[in-house]
Structure formats: structure tokens, C-alpha cells
Amino acid sequence: MSKTSRIGLAGIAATLFAGSAFAQSFDIVPRDLYTERMRQEGSKLVFCINPEGVLAAFERDLAQAIGQSLLAEVEFYEVGARDWPTRPLPLDYRIVLTEQQMFIMLAQECDGFMGFLLSASNPDWMTISQPYLSAQTVLVTRSESAALADIPFGETIGVRMMAAGDNRLIQYLGAQAEESTWRRTPYPDNELMLERLIDGTISAGMIWEYGLFGATGGDPQAAGFSYSYDLPFPVDPIEIGIATRAEDTYLNTVLSEAIDALEADGTIEMLLAENGLTDANGN
């Protein structure tokens, strides 16, 4: 796409987002941008990436592996500090861009956006590939045990507010008798929650596993943490894939097939281990 075309597309996108018929106006943008780029630029894949994310190094390696499997050259567009409406939270999995920013980046800068959560709240014009990660939520403590039953009643459990499992925790604590339950303290990010666990402000915390592994280089025990996947209530897994425009059906299909193949041959597991995102047990 020429520079002039990109500037024109940005103007169209800005106009679309200013109007009330935002979602219905997307058909103005040319369909199947990926196949059009292939005709003009050859076999190349450009991935948008959050360079500050705890998964950034792993996602770079995974994108390169996907490119190799598809015989495509891989390039990256790093989301810069000026692009974020608010800075990404430490040790988190959320992409804190506006819908307008995501739309323009996928239309102008990249073919796919790494690190997107599979969620019912994603916009209709976006499709997420086969997930390359399915992360669990763990209970973490600074004691020898990470079992909730071993934490004295009345002690405090920390959690990143609105994280996976936070609502389940609220419901669970609310269902217990007042004399046999624990307190909940929400924090704005996982990094602060772990700091409060270390300084003894809280007795336990709930965190997604890659946040814990990323904070400890894949060795929570060496950092003085105990953790458990055994929670007394169900928490849906955090599934993460690659976002594409819904019109780019061919691209989404080949990315999903590549992810399936890399999962089946052990490449994804290997890349997680190489980037300090698994523990000694291979979790």
C-alpha cells in the first residue's frame, strides 16, 4: 500500500469513528487487505506487538516460527509509548488500546496483532485466531502451602481488579459464613499485588500463571513463592491468540493452522520454556 493510500485510509477511518454508525461503516475499507498486500509486497507477515508485555519475547519468537512454517518473511510494528491511551499494566494480559486505534493499526500497520484475549466483548470487525496460550489462574503465597484451606480465616487475598476469577472470588467469599471466610483486596495491577504479598500486607494472591512466571523468570519457588492451580471455584482459562480483521479470513485460517501445527510438534511449549514462562514441572 502506498504512503498516499495509507494516509487516505487513515482519513477514512477517522471519519468512520467520528460517526454514530461506526460499526456499520466498515465496508468502506477494502476487503481482504492481507491478500491485497501479498500481491503488492510478496510473502510477508507484519505483526503488531506490545513490547512491554510479559509475553513480548515469547510472542516475537512465536511470530518468527509462524513465519517459517508459512515461508513468509516476518516484520514487527511495535506499539509505542505514545500509542497507548494508558500505559499497559505490568504482568498483565490486556491490550489497553481503543477500538479506533486497533482498527487503524490492523488496517495500516500490521496483518495480525499478537496477544489478544478471546472475549465476547471483542468488536465484530475483529477475529481472533486459534489461541496459542490457554493460561490458568493460580493462588500464590509466601508460605510453604498455597492451599486456601491453610490460610487462616480473616486473612486477606489480593487480586488484580476485574482479572479472570475476581468475580468468582467475590461470589465465593460472599457465600461463606462471616466467621469462616477471608477478605479480598483489589489492586490495579499484578506487580503491586505481588509486592504487597512480599511485604506481608496480604497473605495470598490470585494471578494468571504467566504473570507469576514472568515476574520470577519461570522459577517462583526460588523467588520465595508457593502456588497452586487448585482453587475451590472454577475460573475460565485466559485464552490468547492473534487478532485479524474479520474480512481477512484466509489470513486467520493460515495463522490458526500454523498455531495448531506448532502446538502439536512441541514448538510452543519449547518457546515458553526458553522465555522463562514455564516452571520446573513444565506448567
# chains A, B, ... in the order shown; residues from 1 in each chain; ligands from 1
>>> residues_around(residues="Arg60 (chain A)", least_positions_apart="2", cutoff="12 Å", atoms="only C-alpha atoms", output="ChimeraX atom specification")
/A:46-51,53-58,62-67,74-78,113-115,268,271-272,275
>>> select_by_dssp(residues="region 35-183 of chain A", states="strand (DSSP E or B)", output="PyMOL selection string")
chain A and resi 44-49+73-78+112-117+126-128+133-135+137-141+156-160+183
>>> select_by_dssp(residues="region 142-216 of chain A", states="helix (DSSP H, G or I)", output="PyMOL selection string")
chain A and resi 148-150+166-174+178-180+190-198+209-216
>>> write_last_selection(atoms="N, CA, C and O atoms", output="compact mmCIF listing (two decimals), in the first residue's frame")
# COMPACT_ATOMS: atom_id res chain seq x y z
N LEU A 148 -5.81 -22.76 49.91
CA LEU A 148 -6.65 -21.78 50.56
C LEU A 148 -7.04 -22.23 51.97
O LEU A 148 -7.12 -21.42 52.90
N ALA A 149 -7.23 -23.54 52.14
CA ALA A 149 -7.64 -24.07 53.45
C ALA A 149 -6.58 -23.85 54.51
O ALA A 149 -6.88 -23.89 55.72
N ASP A 150 -5.33 -23.64 54.12
CA ASP A 150 -4.26 -23.43 55.09
C ASP A 150 -4.06 -21.96 55.45
O ASP A 150 -3.18 -21.63 56.26
N ASP A 166 -11.81 -12.87 39.44
CA ASP A 166 -12.12 -11.92 40.50
C ASP A 166 -13.59 -12.02 40.91
O ASP A 166 -13.92 -12.06 42.10
N ASN A 167 -14.49 -12.06 39.93
CA ASN A 167 -15.91 -12.19 40.26
C ASN A 167 -16.21 -13.50 40.98
O ASN A 167 -17.04 -13.55 41.90
N ARG A 168 -15.52 -14.57 40.55
CA ARG A 168 -15.71 -15.86 41.22
C ARG A 168 -15.25 -15.79 42.68
O ARG A 168 -15.89 -16.36 43.57
N LEU A 169 -14.15 -15.09 42.91
CA LEU A 169 -13.65 -14.94 44.28
C LEU A 169 -14.65 -14.17 45.13
O LEU A 169 -14.94 -14.55 46.27
N ILE A 170 -15.18 -13.07 44.58
CA ILE A 170 -16.17 -12.27 45.31
C ILE A 170 -17.38 -13.13 45.68
O ILE A 170 -17.86 -13.11 46.82
N GLN A 171 -17.88 -13.91 44.71
CA GLN A 171 -19.05 -14.76 44.97
C GLN A 171 -18.74 -15.84 46.02
O GLN A 171 -19.56 -16.11 46.90
N TYR A 172 -17.56 -16.41 45.90
CA TYR A 172 -17.18 -17.48 46.83
C TYR A 172 -17.06 -16.94 48.25
O TYR A 172 -17.61 -17.54 49.20
N LEU A 173 -16.37 -15.83 48.44
CA LEU A 173 -16.21 -15.27 49.77
C LEU A 173 -17.55 -14.84 50.35
O LEU A 173 -17.81 -15.00 51.54
N GLY A 174 -18.42 -14.31 49.48
CA GLY A 174 -19.73 -13.87 49.94
C GLY A 174 -20.62 -15.00 50.38
O GLY A 174 -21.57 -14.79 51.14
N GLU A 178 -19.59 -15.61 57.95
CA GLU A 178 -18.74 -14.46 58.29
C GLU A 178 -17.51 -14.86 59.10
O GLU A 178 -16.43 -14.29 58.93
N GLU A 179 -17.67 -15.84 59.98
CA GLU A 179 -16.55 -16.24 60.85
C GLU A 179 -15.60 -17.23 60.17
O GLU A 179 -14.57 -17.60 60.74
N SER A 180 -15.93 -17.68 58.98
CA SER A 180 -15.08 -18.68 58.30
C SER A 180 -14.84 -18.29 56.84
O SER A 180 -15.08 -19.08 55.92
N ASN A 190 -0.98 -6.51 38.72
CA ASN A 190 -0.42 -7.71 39.36
C ASN A 190 0.92 -7.45 40.03
O ASN A 190 1.25 -8.09 41.03
N GLU A 191 1.70 -6.55 39.49
CA GLU A 191 3.01 -6.25 40.07
C GLU A 191 2.85 -5.71 41.49
O GLU A 191 3.54 -6.15 42.42
N LEU A 192 1.92 -4.76 41.68
CA LEU A 192 1.68 -4.21 43.00
C LEU A 192 1.13 -5.27 43.94
O LEU A 192 1.49 -5.33 45.12
N MET A 193 0.26 -6.14 43.41
CA MET A 193 -0.29 -7.20 44.25
C MET A 193 0.82 -8.11 44.76
O MET A 193 0.86 -8.47 45.95
N LEU A 194 1.80 -8.48 43.92
CA LEU A 194 2.91 -9.33 44.36
C LEU A 194 3.79 -8.60 45.36
O LEU A 194 4.31 -9.22 46.30
N GLU A 195 3.98 -7.30 45.17
CA GLU A 195 4.76 -6.52 46.14
C GLU A 195 4.09 -6.56 47.51
O GLU A 195 4.78 -6.67 48.54
N ARG A 196 2.77 -6.46 47.54
CA ARG A 196 2.06 -6.49 48.82
C ARG A 196 2.08 -7.89 49.44
O ARG A 196 2.00 -8.03 50.66
N LEU A 197 2.19 -8.89 48.61
CA LEU A 197 2.34 -10.24 49.14
C LEU A 197 3.72 -10.39 49.78
O LEU A 197 3.87 -10.98 50.86
N ILE A 198 4.73 -9.84 49.14
CA ILE A 198 6.10 -9.93 49.66
C ILE A 198 6.24 -9.16 50.97
O ILE A 198 6.89 -9.64 51.92
N GLU A 209 -1.07 -17.48 35.55
CA GLU A 209 0.20 -18.18 35.71
C GLU A 209 1.37 -17.50 34.99
O GLU A 209 2.49 -17.46 35.52
N TYR A 210 1.15 -16.92 33.79
CA TYR A 210 2.27 -16.32 33.08
C TYR A 210 2.68 -14.98 33.69
O TYR A 210 3.82 -14.55 33.52
N GLY A 211 1.78 -14.36 34.43
CA GLY A 211 2.17 -13.19 35.19
C GLY A 211 3.15 -13.57 36.30
O GLY A 211 4.16 -12.90 36.53
N LEU A 212 2.86 -14.69 36.99
CA LEU A 212 3.75 -15.17 38.06
C LEU A 212 5.07 -15.66 37.48
O LEU A 212 6.14 -15.31 37.99
N PHE A 213 5.01 -16.45 36.40
CA PHE A 213 6.25 -16.96 35.81
C PHE A 213 7.10 -15.83 35.25
O PHE A 213 8.32 -15.82 35.37
N GLY A 214 6.44 -14.86 34.62
CA GLY A 214 7.17 -13.74 34.05
C GLY A 214 7.84 -12.89 35.12
O GLY A 214 8.94 -12.38 34.92
N ALA A 215 7.19 -12.76 36.28
CA ALA A 215 7.75 -11.96 37.37
C ALA A 215 8.93 -12.65 38.04
O ALA A 215 9.77 -11.99 38.67
N THR A 216 9.02 -13.97 37.90
CA THR A 216 10.05 -14.74 38.62
C THR A 216 11.00 -15.48 37.69
O THR A 216 11.76 -16.34 38.14
>>> residues_around(residues="Ser256 (chain A)", least_positions_apart="6", cutoff="8 Å", atoms="only C-alpha atoms", output="number ranges by chain")
A: 129-131
>>> closest_residue(among="A:Tyr250, A:Trp208, A:Phe233, A:Trp125", to="Arg94 (chain A)", atoms="only C-alpha atoms")
A:Trp208
>>> atom_distance(atom1="CA of Met206 (chain A)", atom2="CA of Val159 (chain A)")
5.1 Å
>>> residues_around(residues="Met102 (chain A)", least_positions_apart="6", cutoff="12 Å", atoms="only C-alpha atoms", output="compact mmCIF listing (two decimals) with N, CA and C atoms, in the first residue's frame")
# COMPACT_ATOMS: atom_id res chain seq x y z
N ALA A 13 -10.81 6.18 8.09
CA ALA A 13 -11.05 5.56 9.38
C ALA A 13 -11.44 6.59 10.42
N PHE A 17 -14.99 6.61 12.64
CA PHE A 17 -15.09 6.54 14.09
C PHE A 17 -15.77 7.76 14.67
N CYS A 48 1.72 -6.61 14.75
CA CYS A 48 1.75 -5.61 15.82
C CYS A 48 2.05 -6.34 17.12
N ILE A 49 2.85 -5.69 17.98
CA ILE A 49 3.25 -6.35 19.23
C ILE A 49 3.39 -5.31 20.33
N VAL A 79 4.05 -1.29 19.22
CA VAL A 79 3.14 -0.25 19.72
C VAL A 79 3.96 0.63 20.66
N ASP A 83 1.36 5.61 21.69
CA ASP A 83 0.13 5.00 21.16
C ASP A 83 -0.87 4.62 22.24
N TRP A 84 -0.38 4.34 23.44
CA TRP A 84 -1.27 3.82 24.49
C TRP A 84 -2.10 4.94 25.10
N PRO A 85 -3.41 4.78 25.21
CA PRO A 85 -4.23 5.77 25.92
C PRO A 85 -3.88 5.78 27.41
N ILE A 95 -4.68 -5.76 26.28
CA ILE A 95 -4.21 -4.75 25.33
C ILE A 95 -5.07 -3.51 25.55
N VAL A 96 -4.47 -2.45 26.09
CA VAL A 96 -5.27 -1.28 26.50
C VAL A 96 -5.29 -0.21 25.40
N GLN A 108 -3.59 -0.40 8.69
CA GLN A 108 -2.45 0.30 8.12
C GLN A 108 -1.10 -0.30 8.45
N GLU A 109 -0.94 -0.81 9.68
CA GLU A 109 0.40 -1.14 10.14
C GLU A 109 0.72 -2.62 10.11
N CYS A 110 -0.25 -3.49 10.37
CA CYS A 110 0.08 -4.90 10.53
C CYS A 110 -1.04 -5.80 10.04
N ASP A 111 -0.67 -7.04 9.77
CA ASP A 111 -1.65 -8.04 9.33
C ASP A 111 -2.34 -8.70 10.52
N GLY A 112 -1.60 -8.89 11.60
CA GLY A 112 -2.15 -9.50 12.80
C GLY A 112 -1.58 -8.84 14.03
N PHE A 113 -2.34 -8.88 15.13
CA PHE A 113 -1.93 -8.25 16.38
C PHE A 113 -1.76 -9.35 17.42
N MET A 114 -0.53 -9.54 17.89
CA MET A 114 -0.25 -10.58 18.87
C MET A 114 -0.85 -10.23 20.23
N PHE A 116 -3.96 -11.08 21.82
CA PHE A 116 -5.34 -10.66 22.07
C PHE A 116 -6.13 -11.73 22.79
N ASN A 122 -14.95 -8.46 22.23
CA ASN A 122 -14.18 -8.02 21.07
C ASN A 122 -15.12 -7.50 19.98
N PRO A 123 -14.71 -6.48 19.23
CA PRO A 123 -15.60 -5.91 18.21
C PRO A 123 -15.89 -6.89 17.07
N TRP A 125 -15.76 -6.50 13.92
CA TRP A 125 -14.88 -6.43 12.76
C TRP A 125 -13.55 -7.16 12.99
N MET A 126 -13.38 -7.73 14.17
CA MET A 126 -12.14 -8.42 14.53
C MET A 126 -12.40 -9.91 14.72
N ALA A 243 -5.11 -11.28 16.71
CA ALA A 243 -6.25 -10.56 16.17
C ALA A 243 -6.01 -10.22 14.70
N THR A 244 -7.04 -10.44 13.89
CA THR A 244 -7.01 -10.02 12.48
C THR A 244 -8.34 -9.34 12.18
N ARG A 245 -8.39 -8.66 11.05
CA ARG A 245 -9.66 -8.12 10.59
C ARG A 245 -10.55 -9.29 10.16
>>> residues_around(residues="Leu133 (chain A)", least_positions_apart="3", cutoff="9 Å", atoms="only C-alpha atoms", output="MDAnalysis selection string")
chainID A and resid 238:241 268
>>> closest_residue(among="A:Thr249, A:Thr278, A:Ser43, A:Thr137", to="Pro232 (chain A)", atoms="only C-alpha atoms")
A:Thr137
>>> decode(residues="region 93-129 of chain A", atoms="N, CA and C atoms", output="compact mmCIF listing (two decimals), in the first residue's frame")
# COMPACT_ATOMS: atom_id res chain seq x y z
N TYR A 93 -2.34 -9.21 30.83
CA TYR A 93 -2.61 -9.79 29.52
C TYR A 93 -3.51 -8.91 28.67
N ARG A 94 -3.89 -7.75 29.16
CA ARG A 94 -4.84 -6.91 28.43
C ARG A 94 -4.13 -5.94 27.49
N ILE A 95 -4.68 -5.76 26.28
CA ILE A 95 -4.21 -4.75 25.33
C ILE A 95 -5.07 -3.51 25.55
N VAL A 96 -4.47 -2.45 26.09
CA VAL A 96 -5.27 -1.28 26.50
C VAL A 96 -5.29 -0.21 25.40
N LEU A 97 -5.67 -0.62 24.20
CA LEU A 97 -5.86 0.32 23.09
C LEU A 97 -7.35 0.56 22.89
N THR A 98 -7.69 1.70 22.31
CA THR A 98 -9.08 1.95 21.96
C THR A 98 -9.44 1.13 20.73
N GLU A 99 -10.72 0.95 20.51
CA GLU A 99 -11.17 0.21 19.33
C GLU A 99 -10.73 0.92 18.06
N GLN A 100 -10.76 2.23 18.06
CA GLN A 100 -10.31 3.01 16.90
C GLN A 100 -8.84 2.75 16.61
N GLN A 101 -8.01 2.76 17.65
CA GLN A 101 -6.58 2.52 17.45
C GLN A 101 -6.33 1.12 16.89
N MET A 102 -7.03 0.13 17.43
CA MET A 102 -6.85 -1.24 16.94
C MET A 102 -7.25 -1.36 15.48
N PHE A 103 -8.36 -0.72 15.13
CA PHE A 103 -8.83 -0.79 13.74
C PHE A 103 -7.81 -0.18 12.79
N ILE A 104 -7.30 1.00 13.12
CA ILE A 104 -6.35 1.68 12.24
C ILE A 104 -5.04 0.90 12.15
N MET A 105 -4.56 0.33 13.26
CA MET A 105 -3.32 -0.43 13.21
C MET A 105 -3.45 -1.66 12.32
N LEU A 106 -4.59 -2.37 12.43
CA LEU A 106 -4.77 -3.56 11.60
C LEU A 106 -5.04 -3.20 10.14
N ALA A 107 -5.51 -2.00 9.90
CA ALA A 107 -5.73 -1.57 8.51
C ALA A 107 -4.47 -1.02 7.88
N GLN A 108 -3.59 -0.40 8.69
CA GLN A 108 -2.45 0.30 8.12
C GLN A 108 -1.10 -0.30 8.45
N GLU A 109 -0.94 -0.81 9.68
CA GLU A 109 0.40 -1.14 10.14
C GLU A 109 0.72 -2.62 10.11
N CYS A 110 -0.25 -3.49 10.37
CA CYS A 110 0.08 -4.90 10.53
C CYS A 110 -1.04 -5.80 10.04
N ASP A 111 -0.67 -7.04 9.77
CA ASP A 111 -1.65 -8.04 9.33
C ASP A 111 -2.34 -8.70 10.52
N GLY A 112 -1.60 -8.89 11.60
CA GLY A 112 -2.15 -9.50 12.80
C GLY A 112 -1.58 -8.84 14.03
N PHE A 113 -2.34 -8.88 15.13
CA PHE A 113 -1.93 -8.25 16.38
C PHE A 113 -1.76 -9.35 17.42
N MET A 114 -0.53 -9.54 17.89
CA MET A 114 -0.25 -10.58 18.87
C MET A 114 -0.85 -10.23 20.23
N GLY A 115 -1.24 -11.26 20.96
CA GLY A 115 -1.58 -11.08 22.36
C GLY A 115 -3.00 -10.68 22.66
N PHE A 116 -3.96 -11.08 21.82
CA PHE A 116 -5.34 -10.66 22.07
C PHE A 116 -6.13 -11.73 22.79
N LEU A 117 -6.87 -11.28 23.79
CA LEU A 117 -7.72 -12.15 24.58
C LEU A 117 -8.96 -12.54 23.79
N LEU A 118 -9.30 -13.83 23.81
CA LEU A 118 -10.58 -14.26 23.24
C LEU A 118 -11.68 -13.82 24.18
N SER A 119 -12.52 -12.93 23.71
CA SER A 119 -13.54 -12.35 24.59
C SER A 119 -14.78 -12.02 23.79
N ALA A 120 -15.93 -12.19 24.42
CA ALA A 120 -17.20 -11.83 23.78
C ALA A 120 -17.31 -10.33 23.55
N SER A 121 -16.48 -9.55 24.22
CA SER A 121 -16.54 -8.10 24.07
C SER A 121 -15.68 -7.58 22.92
N ASN A 122 -14.95 -8.46 22.23
CA ASN A 122 -14.18 -8.02 21.07
C ASN A 122 -15.12 -7.50 19.98
N PRO A 123 -14.71 -6.48 19.23
CA PRO A 123 -15.60 -5.91 18.21
C PRO A 123 -15.89 -6.89 17.07
N ASP A 124 -17.02 -6.69 16.39
CA ASP A 124 -17.45 -7.59 15.33
C ASP A 124 -16.49 -7.60 14.14
N TRP A 125 -15.76 -6.50 13.92
CA TRP A 125 -14.88 -6.43 12.76
C TRP A 125 -13.55 -7.16 12.99
N MET A 126 -13.38 -7.73 14.17
CA MET A 126 -12.14 -8.42 14.53
C MET A 126 -12.40 -9.91 14.72
N THR A 127 -11.43 -10.74 14.31
CA THR A 127 -11.48 -12.17 14.57
C THR A 127 -10.17 -12.58 15.23
N ILE A 128 -10.26 -13.47 16.21
CA ILE A 128 -9.07 -13.96 16.90
C ILE A 128 -8.75 -15.36 16.40
N SER A 129 -7.48 -15.60 16.15
CA SER A 129 -7.03 -16.90 15.66
C SER A 129 -7.23 -17.99 16.72
